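To be precise, the following lines are query.csv, and they hold CSV, C-alpha atoms.
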```
chain,number,residue,atom,x,y,z
A,112,MET,CA,8.6,-9.8,42.8
A,113,GLY,CA,9.3,-13.6,42.8
A,114,ASN,CA,12.8,-15.1,42.5
A,115,ALA,CA,13.7,-15.1,38.8
A,116,ALA,CA,16.4,-17.7,39.3
A,117,VAL,CA,13.8,-20.2,40.6
A,118,LYS,CA,11.4,-19.4,37.8
A,119,LEU,CA,14.0,-19.5,35.1
A,120,ASP,CA,14.3,-22.6,33.0
A,121,THR,CA,18.1,-22.9,32.5
A,122,SER,CA,17.6,-25.0,29.5
A,123,GLN,CA,16.2,-21.9,27.7
A,124,PRO,CA,18.5,-19.8,25.6
A,125,TYR,CA,20.2,-16.8,27.4
A,126,ALA,CA,19.3,-18.2,30.8
A,127,ALA,CA,22.9,-18.1,32.0
A,128,GLU,CA,23.1,-14.4,31.0
A,129,LEU,CA,20.4,-13.5,33.4
A,130,ILE,CA,22.2,-14.8,36.5
A,131,GLU,CA,23.6,-11.4,37.5
A,132,LEU,CA,20.2,-9.8,37.3
A,133,ASN,CA,18.8,-12.7,39.4
A,134,ASP,CA,21.3,-11.9,42.1
A,135,VAL,CA,19.9,-8.4,42.3
A,136,GLU,CA,16.4,-9.7,42.6
A,137,LYS,CA,17.4,-11.9,45.5
A,138,GLN,CA,18.6,-8.8,47.4
A,139,LEU,CA,15.4,-6.9,46.8
A,140,ALA,CA,13.8,-8.2,49.9
A,141,GLU,CA,16.7,-7.1,52.0
A,142,LEU,CA,16.7,-3.7,50.3
A,143,ARG,CA,13.0,-3.2,51.0
A,144,ALA,CA,13.5,-4.1,54.7
A,145,LYS,CA,16.4,-1.8,55.0
A,146,HIS,CA,15.3,1.2,52.9
A,147,GLY,CA,11.6,0.8,52.6
A,148,THR,CA,10.8,3.4,55.3
A,149,VAL,CA,11.8,7.1,54.6
A,150,PRO,CA,13.5,8.6,57.7
A,151,ASP,CA,12.8,12.1,59.1
A,152,TYR,CA,15.2,14.1,57.0
A,153,THR,CA,14.6,17.1,59.2
A,154,SER,CA,16.6,15.5,62.0
A,155,LYS,CA,20.3,15.0,61.9
A,156,GLU,CA,20.2,11.3,62.4
A,157,GLY,CA,17.4,10.8,59.9
A,158,TYR,CA,19.2,12.9,57.3
A,159,ALA,CA,22.4,10.8,57.7
A,160,CYS,CA,20.4,7.6,57.5
A,161,GLY,CA,18.5,8.7,54.4
A,162,LYS,CA,21.7,9.8,52.7
A,163,ALA,CA,23.2,6.4,53.3
A,164,SER,CA,20.1,4.7,51.8
A,165,ILE,CA,20.3,6.9,48.7
A,166,LYS,CA,24.0,6.0,48.2
A,167,GLU,CA,23.4,2.2,48.5
A,168,LEU,CA,20.2,2.3,46.3
A,169,THR,CA,22.0,4.4,43.6
A,170,SER,CA,24.8,1.9,43.6
A,171,TYR,CA,22.4,-1.0,43.0
A,172,ARG,CA,20.5,0.9,40.3
A,173,THR,CA,23.5,1.9,38.3
A,174,GLY,CA,25.1,-1.5,38.7
A,175,THR,CA,21.9,-3.2,37.5
A,176,ASP,CA,21.8,-0.9,34.4
A,177,LYS,CA,25.4,-1.6,33.6
A,178,ALA,CA,24.7,-5.3,33.8
A,179,ARG,CA,21.8,-4.9,31.4
A,180,LEU,CA,24.0,-3.1,28.9
A,181,ALA,CA,26.7,-5.7,29.2
A,182,ILE,CA,24.3,-8.6,28.7
A,183,THR,CA,22.5,-7.0,25.7
A,184,LYS,CA,25.6,-5.6,24.0
A,185,PRO,CA,26.3,-8.6,21.8
A,186,HIS,CA,22.7,-9.0,21.0
A,187,ARG,CA,22.4,-5.3,20.1
A,188,GLU,CA,25.4,-5.6,17.8
A,189,PHE,CA,23.9,-8.6,16.2
A,190,ILE,CA,20.6,-6.8,15.7
A,191,ASP,CA,22.4,-3.9,14.1
A,192,GLN,CA,24.1,-6.4,11.7
A,193,VAL,CA,20.7,-8.0,10.9
A,194,ASN,CA,19.2,-4.6,10.2
A,195,GLN,CA,21.9,-3.5,7.9
A,196,TYR,CA,22.0,-6.9,6.1
A,197,ALA,CA,18.2,-6.9,5.6
A,198,LYS,CA,18.2,-3.3,4.4
A,199,SER,CA,20.8,-4.1,1.7
A,200,LEU,CA,18.7,-7.1,0.6
A,201,ILE,CA,15.5,-5.0,0.5
A,202,ALA,CA,17.2,-2.3,-1.6
A,203,GLU,CA,18.1,-5.0,-4.2
A,204,ILE,CA,14.6,-6.4,-4.2
A,205,GLU,CA,13.2,-2.9,-4.7
A,206,LYS,CA,15.3,-2.4,-7.7
A,207,LEU,CA,13.6,-5.5,-9.3
A,208,GLU,CA,10.1,-4.5,-8.0
A,209,ALA,CA,10.1,-0.8,-9.0
A,210,PRO,CA,9.9,-1.4,-12.8
A,211,HIS,CA,6.9,-3.7,-12.3
A,212,ARG,CA,5.2,-1.2,-10.1
A,213,ASP,CA,5.9,1.6,-12.6
A,214,ALA,CA,4.5,-0.4,-15.5
A,215,LYS,CA,1.4,-1.4,-13.5
A,216,GLN,CA,0.8,2.2,-12.4
A,217,GLU,CA,1.0,3.4,-16.0
A,218,VAL,CA,-1.7,0.8,-17.0
A,219,ASP,CA,-3.8,1.7,-13.9
A,220,GLU,CA,-3.7,5.4,-14.6
A,221,ALA,CA,-4.6,4.8,-18.2
A,222,GLU,CA,-7.6,2.7,-17.1
A,223,LYS,CA,-8.5,5.4,-14.6
A,224,ARG,CA,-8.5,8.1,-17.3
A,225,LYS,CA,-10.6,5.9,-19.6
A,226,LYS,CA,-13.1,5.4,-16.8
A,227,GLU,CA,-13.2,9.1,-16.1
A,228,GLU,CA,-13.7,9.9,-19.7
A,229,ARG,CA,-16.5,7.3,-20.0
A,230,ILE,CA,-18.2,8.7,-16.9
A,231,ALA,CA,-18.0,12.2,-18.3
A,232,ARG,CA,-19.6,11.0,-21.6
A,233,LEU,CA,-22.3,9.3,-19.6
A,234,ARG,CA,-23.0,12.4,-17.6
A,235,GLU,CA,-23.2,14.4,-20.7
A,236,LYS,CA,-25.7,11.9,-22.1
A,237,LEU,CA,-27.6,12.1,-18.9
A,238,HIS,CA,-27.9,15.9,-19.2
A,239,LYS,CA,-29.1,15.6,-22.8
A,240,GLU,CA,-31.5,12.8,-22.3
A,241,VAL,CA,-32.8,13.5,-18.8
A,242,THR,CA,-32.0,16.9,-17.4
A,243,SER,CA,-32.9,18.6,-20.7
A,244,TYR,CA,-36.5,17.8,-20.0
A,245,LEU,CA,-36.6,20.8,-17.7
A,246,ASP,CA,-35.4,23.1,-20.5
A,247,THR,CA,-38.1,21.6,-22.8
A,248,ALA,CA,-40.8,22.2,-20.1
A,249,MET,CA,-40.3,26.0,-20.2
A,250,GLY,CA,-43.3,27.7,-21.6
A,251,LEU,CA,-45.5,24.5,-21.9
A,252,ASP,CA,-49.1,24.4,-20.8
A,253,SER,CA,-50.5,21.7,-18.6
A,254,ALA,CA,-51.3,19.4,-21.5
A,255,GLY,CA,-47.8,19.7,-22.9
A,256,LEU,CA,-46.3,19.0,-19.5
A,257,VAL,CA,-48.5,15.9,-19.1
A,258,GLU,CA,-47.0,14.6,-22.4
A,259,LEU,CA,-43.5,15.5,-21.2
A,260,ILE,CA,-44.0,13.7,-17.9
A,261,ASP,CA,-45.2,10.6,-19.7
A,262,ALA,CA,-42.0,10.7,-21.8
A,263,ALA,CA,-39.8,11.2,-18.8
A,264,GLU,CA,-41.4,8.3,-16.9
A,265,ALA,CA,-40.4,6.1,-19.8
A,266,ILE,CA,-36.7,6.9,-19.6
A,267,ASP,CA,-34.5,3.8,-19.3
A,268,THR,CA,-31.7,4.3,-16.9
A,269,GLU,CA,-30.1,0.8,-17.3
A,270,ASN,CA,-27.8,2.0,-20.1
A,271,TYR,CA,-25.9,4.5,-17.9
A,272,PHE,CA,-23.6,1.8,-16.4
A,273,ASP,CA,-21.1,3.6,-14.1
A,274,VAL,CA,-23.6,6.4,-13.3
A,275,THR,CA,-26.8,4.3,-13.1
A,276,LYS,CA,-27.5,5.6,-9.6
A,277,GLU,CA,-26.9,9.2,-10.7
A,278,ALA,CA,-29.3,8.6,-13.6
A,279,GLU,CA,-32.0,7.2,-11.4
A,280,ASP,CA,-31.7,10.1,-8.9
A,281,GLU,CA,-31.7,12.6,-11.8
A,282,LYS,CA,-34.7,11.1,-13.4
A,283,ALA,CA,-36.6,11.2,-10.0
A,284,ARG,CA,-35.6,14.8,-9.5
A,285,VAL,CA,-36.7,15.8,-13.1
A,286,LEU,CA,-40.0,14.1,-12.6
A,287,ARG,CA,-40.6,15.9,-9.3
A,288,GLU,CA,-39.9,19.2,-10.9
A,289,LEU,CA,-42.1,18.5,-13.9
A,290,ARG,CA,-45.0,17.5,-11.7
A,291,ASP,CA,-44.6,20.6,-9.7
A,292,GLN,CA,-44.6,22.7,-12.9
A,293,HIS,CA,-47.7,20.9,-14.1
A,294,SER,CA,-49.5,21.7,-10.9
A,295,ARG,CA,-48.5,25.4,-11.2
A,296,ALA,CA,-49.5,25.5,-14.8
A,297,GLN,CA,-53.0,24.0,-14.0
A,298,GLU,CA,-53.4,26.7,-11.3
A,299,ARG,CA,-52.4,29.4,-13.7
A,300,GLU,CA,-54.8,28.1,-16.4
A,301,ARG,CA,-57.6,27.9,-13.9
A,302,LEU,CA,-57.1,31.5,-12.8
A,303,ALA,CA,-56.8,32.6,-16.4
A,304,ALA,CA,-60.0,30.9,-17.4
A,305,GLU,CA,-61.8,32.5,-14.5
A,306,ARG,CA,-60.5,35.9,-15.5
A,307,ALA,CA,-61.5,35.3,-19.1
A,308,GLU,CA,-65.0,34.3,-18.1
A,309,LEU,CA,-65.4,37.3,-15.9
A,310,GLU,CA,-64.2,39.6,-18.8
A,311,ARG,CA,-66.6,37.8,-21.2
A,312,GLN,CA,-69.5,38.3,-18.8
A,313,LYS,CA,-68.6,41.9,-18.3
A,314,ALA,CA,-68.4,42.5,-22.0
A,315,GLU,CA,-71.7,40.8,-22.6
A,316,LEU,CA,-73.3,42.7,-19.9
A,317,GLU,CA,-72.1,46.0,-21.3
A,318,ARG,CA,-73.3,45.0,-24.8
A,319,LEU,CA,-76.7,44.1,-23.6
A,320,LYS,CA,-77.0,47.2,-21.6
A,321,ALA,CA,-76.0,49.2,-24.6
A,322,GLN,CA,-78.7,47.6,-26.7
A,323,GLN,CA,-81.3,48.3,-24.1
A,324,ALA,CA,-80.3,52.0,-23.6
A,325,PRO,CA,-82.8,54.5,-25.3
A,326,ALA,CA,-81.4,56.6,-28.2
A,327,GLU,CA,-80.5,60.2,-27.4
A,328,PRO,CA,-83.1,62.5,-29.0
A,329,THR,CA,-81.9,64.7,-31.8
A,330,ALA,CA,-83.0,68.2,-32.7
A,331,GLY,CA,-86.6,68.2,-33.7
A,332,ASP,CA,-87.3,64.9,-32.0
A,333,VAL,CA,-90.5,64.7,-30.0
A,334,ALA,CA,-90.6,63.2,-26.5
A,335,THR,CA,-93.9,62.0,-25.0
A,336,ALA,CA,-94.7,62.0,-21.3
A,337,GLY,CA,-98.2,61.5,-19.9
A,338,GLY,CA,-99.9,62.0,-23.3
A,339,THR,CA,-98.1,65.3,-23.9
A,340,ASP,CA,-95.7,65.8,-26.8
A,341,PHE,CA,-92.4,67.8,-26.1
A,342,SER,CA,-90.2,69.1,-28.8
A,343,GLN,CA,-86.5,70.0,-28.2
A,344,GLU,CA,-87.2,73.2,-30.1
A,345,ASP,CA,-89.7,74.2,-27.4
A,346,SER,CA,-87.5,75.1,-24.4
A,347,ASP,CA,-90.5,75.8,-22.2
A,348,ASP,CA,-91.9,72.3,-22.9
A,349,TRP,CA,-88.6,70.7,-21.9
A,350,GLU,CA,-88.3,72.7,-18.7
A,351,GLY,CA,-91.6,71.4,-17.6
A,352,MET,CA,-90.7,67.9,-18.7
A,353,GLY,CA,-87.6,68.0,-16.5
A,354,SER,CA,-89.6,68.4,-13.4
A,355,ALA,CA,-92.0,65.7,-14.6
A,356,LEU,CA,-89.2,63.2,-15.3
A,357,GLN,CA,-87.9,63.5,-11.8
A,358,ASP,CA,-91.0,61.8,-10.6
A,359,VAL,CA,-90.7,58.9,-13.1
A,360,PRO,CA,-88.4,56.0,-11.9
A,361,SER,CA,-85.6,55.2,-14.3
A,362,ALA,CA,-86.2,52.0,-16.4
A,363,ASP,CA,-83.6,49.3,-16.6
A,364,PRO,CA,-85.2,46.4,-18.6
A,365,PHE,CA,-81.9,44.5,-18.8
A,366,GLY,CA,-81.2,44.8,-15.1
A,367,ASP,CA,-84.8,43.8,-14.3
A,368,ALA,CA,-84.6,40.8,-16.5
A,369,LEU,CA,-81.3,39.8,-15.1
A,370,GLU,CA,-82.7,40.1,-11.6
A,371,ASP,CA,-85.8,38.0,-12.5
A,372,LEU,CA,-83.6,35.2,-14.0
A,373,GLN,CA,-81.5,35.1,-10.8
A,374,CYS,CA,-84.6,34.9,-8.7
A,375,LEU,CA,-85.6,31.9,-10.7
A,376,GLY,CA,-82.4,30.1,-9.7
A,377,LEU,CA,-79.8,31.1,-12.3
A,378,ASP,CA,-76.4,32.3,-11.3
A,379,PRO,CA,-75.2,35.6,-12.7
A,380,SER,CA,-73.2,33.9,-15.5
A,381,GLN,CA,-76.1,31.8,-16.6
A,382,ALA,CA,-78.5,34.8,-16.5
A,383,VAL,CA,-76.1,36.8,-18.7
A,384,ASP,CA,-75.8,33.9,-21.2
A,385,VAL,CA,-79.6,33.5,-21.3
A,386,LEU,CA,-80.2,37.2,-22.0
A,387,SER,CA,-77.5,37.2,-24.6
A,388,ALA,CA,-79.2,34.3,-26.4
A,389,ILE,CA,-82.5,36.1,-26.2
A,390,GLN,CA,-81.0,39.2,-27.8
A,391,ARG,CA,-79.5,37.2,-30.6
A,392,GLY,CA,-82.8,35.5,-31.2
A,393,ASP,CA,-81.5,32.0,-30.4
A,394,VAL,CA,-84.1,31.6,-27.6
A,395,ARG,CA,-87.7,32.6,-27.9
A,396,HIS,CA,-89.3,30.8,-25.0
A,397,ILE,CA,-87.9,29.8,-21.5
A,398,ALA,CA,-89.7,27.4,-19.3
A,399,PHE,CA,-88.8,26.8,-15.7
A,400,HIS,CA,-89.9,23.6,-13.9
A,401,ARG,CA,-89.9,23.5,-10.1
```
Target encoding structure tokens, full file:
Amino acid sequence: MGNAAVKLDTSQPYAAELIELNDVEKQLAELRAKHGTVPDYTSKEGYACGKASIKELTSYRTGTDKARLAITKPHREFIDQVNQYAKSLIAEIEKLEAPHRDAKQEVDEAEKRKKEERIARLREKLHKEVTSYLDTAMGLDSAGLVELIDAAEAIDTENYFDVTKEAEDEKARVLRELRDQHSRAQERERLAAERAELERQKAELERLKAQQAPAEPTAGDVATAGGTDFSQEDSDDWEGMGSALQDVPSADPFGDALEDLQCLGLDPSQAVDVLSAIQRGDVRHIAFHR
């Protein structure tokens, strides 16, 4: 530590008050030389020497602290006076300031309430004009959803003021959901159309098979096989006919025709449609070109 008395500019305020502390600083070099080494306290001589060092250093320490308190006492008293004086002035100023703050706060809170109410109305409008598209979309087919998407894309979000960002985000969310619903609706309609077509083909096939099936013989009807007439009334004839029919392959004109058309390149659905048209008389001649 340097010599504070040398460094100190005595022309500065309070310089004279530090002289006592400067004297202590001057003695620090001597104190370091005398007490800087800790003796062996386990020996009698070392213990006595160390005890003397503690006594002298304690005296310097407490004396320095007393000097500090003595030097700063008038300043501390002055600071206390300044603090008390300033506090009383601040209290008087606050009495003038408080009504202004209260009046301002009342206006600010009223404006805040108005803004909150305005935002609430805008959010209600947002729900009615944008979010409600999702409610409208319920039950619509893909064509209806396309129209709804077009309408949603035309929504103007500039009139939502305080919640413009919310409106833009909600519009984007609604459009994403509507487009997802449209994709799902298209898939449902495609599957439904396929099922309907399969059912139509199945029904048409059953109808054509029913038309091609031979009528059940009634009592008294005569069946012919190999040039021989058989009557249901003649049981012996029918017993012989049973064994003869086992050797005759079953005829399926519709199935054969269906197979022929597929061999010519038509898929099953087209083949059924062609045979149905032939049955109705809509088609009398079919030509295939290779």
Do you have the atom CA of A:Leu316-atom CA of A:Asp378 distance handy?
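One can read the atom CA of A:Leu316 to atom CA of A:Asp378 distance as 13.8 Å.
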Atom-to-atom span, atom CA of A:Ile260 and atom CA of A:Leu286, Å: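 These two atoms are separated by 6.7 Å.
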- Message: Taking 4 positions as the minimum chain separation for residues in the same chain, which residues sit within 10 Å of A:Glu131 when counting only C-alpha atoms? Answer as a PyMOL selection string.
- Response: chain A and resi 116+127+135-136+175+178-179+182
Note to self: One number please: atom CA of A:Val383 to atom CA of A:Gln312, in Å, one decimal.
What the structure shows: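 So the answer is 6.8 Å.
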Extract, using only C-alpha atoms, all DNA, RNA and protein residues at most 12 Å from A:Ala248, discarding same-chain residues fewer than 2 positions from it, and format them as a short mmCIF file (atom, residue, chain, number, x, y, z; two decimals) with C-alpha atoms, keeping the file's coordinate frame.
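Once written, out.cif looks like this:
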```cif
data_model
loop_
_atom_site.label_atom_id
_atom_site.label_comp_id
_atom_site.auth_asym_id
_atom_site.auth_seq_id
_atom_site.Cartn_x
_atom_site.Cartn_y
_atom_site.Cartn_z
CA VAL A 241 -32.80 13.50 -18.80
CA THR A 242 -32.00 16.90 -17.40
CA SER A 243 -32.90 18.60 -20.70
CA TYR A 244 -36.50 17.80 -20.00
CA LEU A 245 -36.60 20.80 -17.70
CA ASP A 246 -35.40 23.10 -20.50
CA GLY A 250 -43.30 27.70 -21.60
CA LEU A 251 -45.50 24.50 -21.90
CA ASP A 252 -49.10 24.40 -20.80
CA SER A 253 -50.50 21.70 -18.60
CA ALA A 254 -51.30 19.40 -21.50
CA GLY A 255 -47.80 19.70 -22.90
CA LEU A 256 -46.30 19.00 -19.50
CA VAL A 257 -48.50 15.90 -19.10
CA GLU A 258 -47.00 14.60 -22.40
CA LEU A 259 -43.50 15.50 -21.20
CA ILE A 260 -44.00 13.70 -17.90
CA ALA A 262 -42.00 10.70 -21.80
CA ALA A 263 -39.80 11.20 -18.80
CA VAL A 285 -36.70 15.80 -13.10
CA LEU A 286 -40.00 14.10 -12.60
CA GLU A 288 -39.90 19.20 -10.90
CA LEU A 289 -42.10 18.50 -13.90
CA ARG A 290 -45.00 17.50 -11.70
CA ASP A 291 -44.60 20.60 -9.70
CA GLN A 292 -44.60 22.70 -12.90
CA HIS A 293 -47.70 20.90 -14.10
CA ALA A 296 -49.50 25.50 -14.80
#
```
Exercise for the section: Extract, using only C-alpha atoms, all DNA, RNA and protein residues at most 12 Å from stretch 162-169 of chain A, discarding same-chain residues fewer than 2 positions from it, and format them as an MDAnalysis selection string. Expected result: chainID A and resid 135 138:139 141:152 155:160 171:176
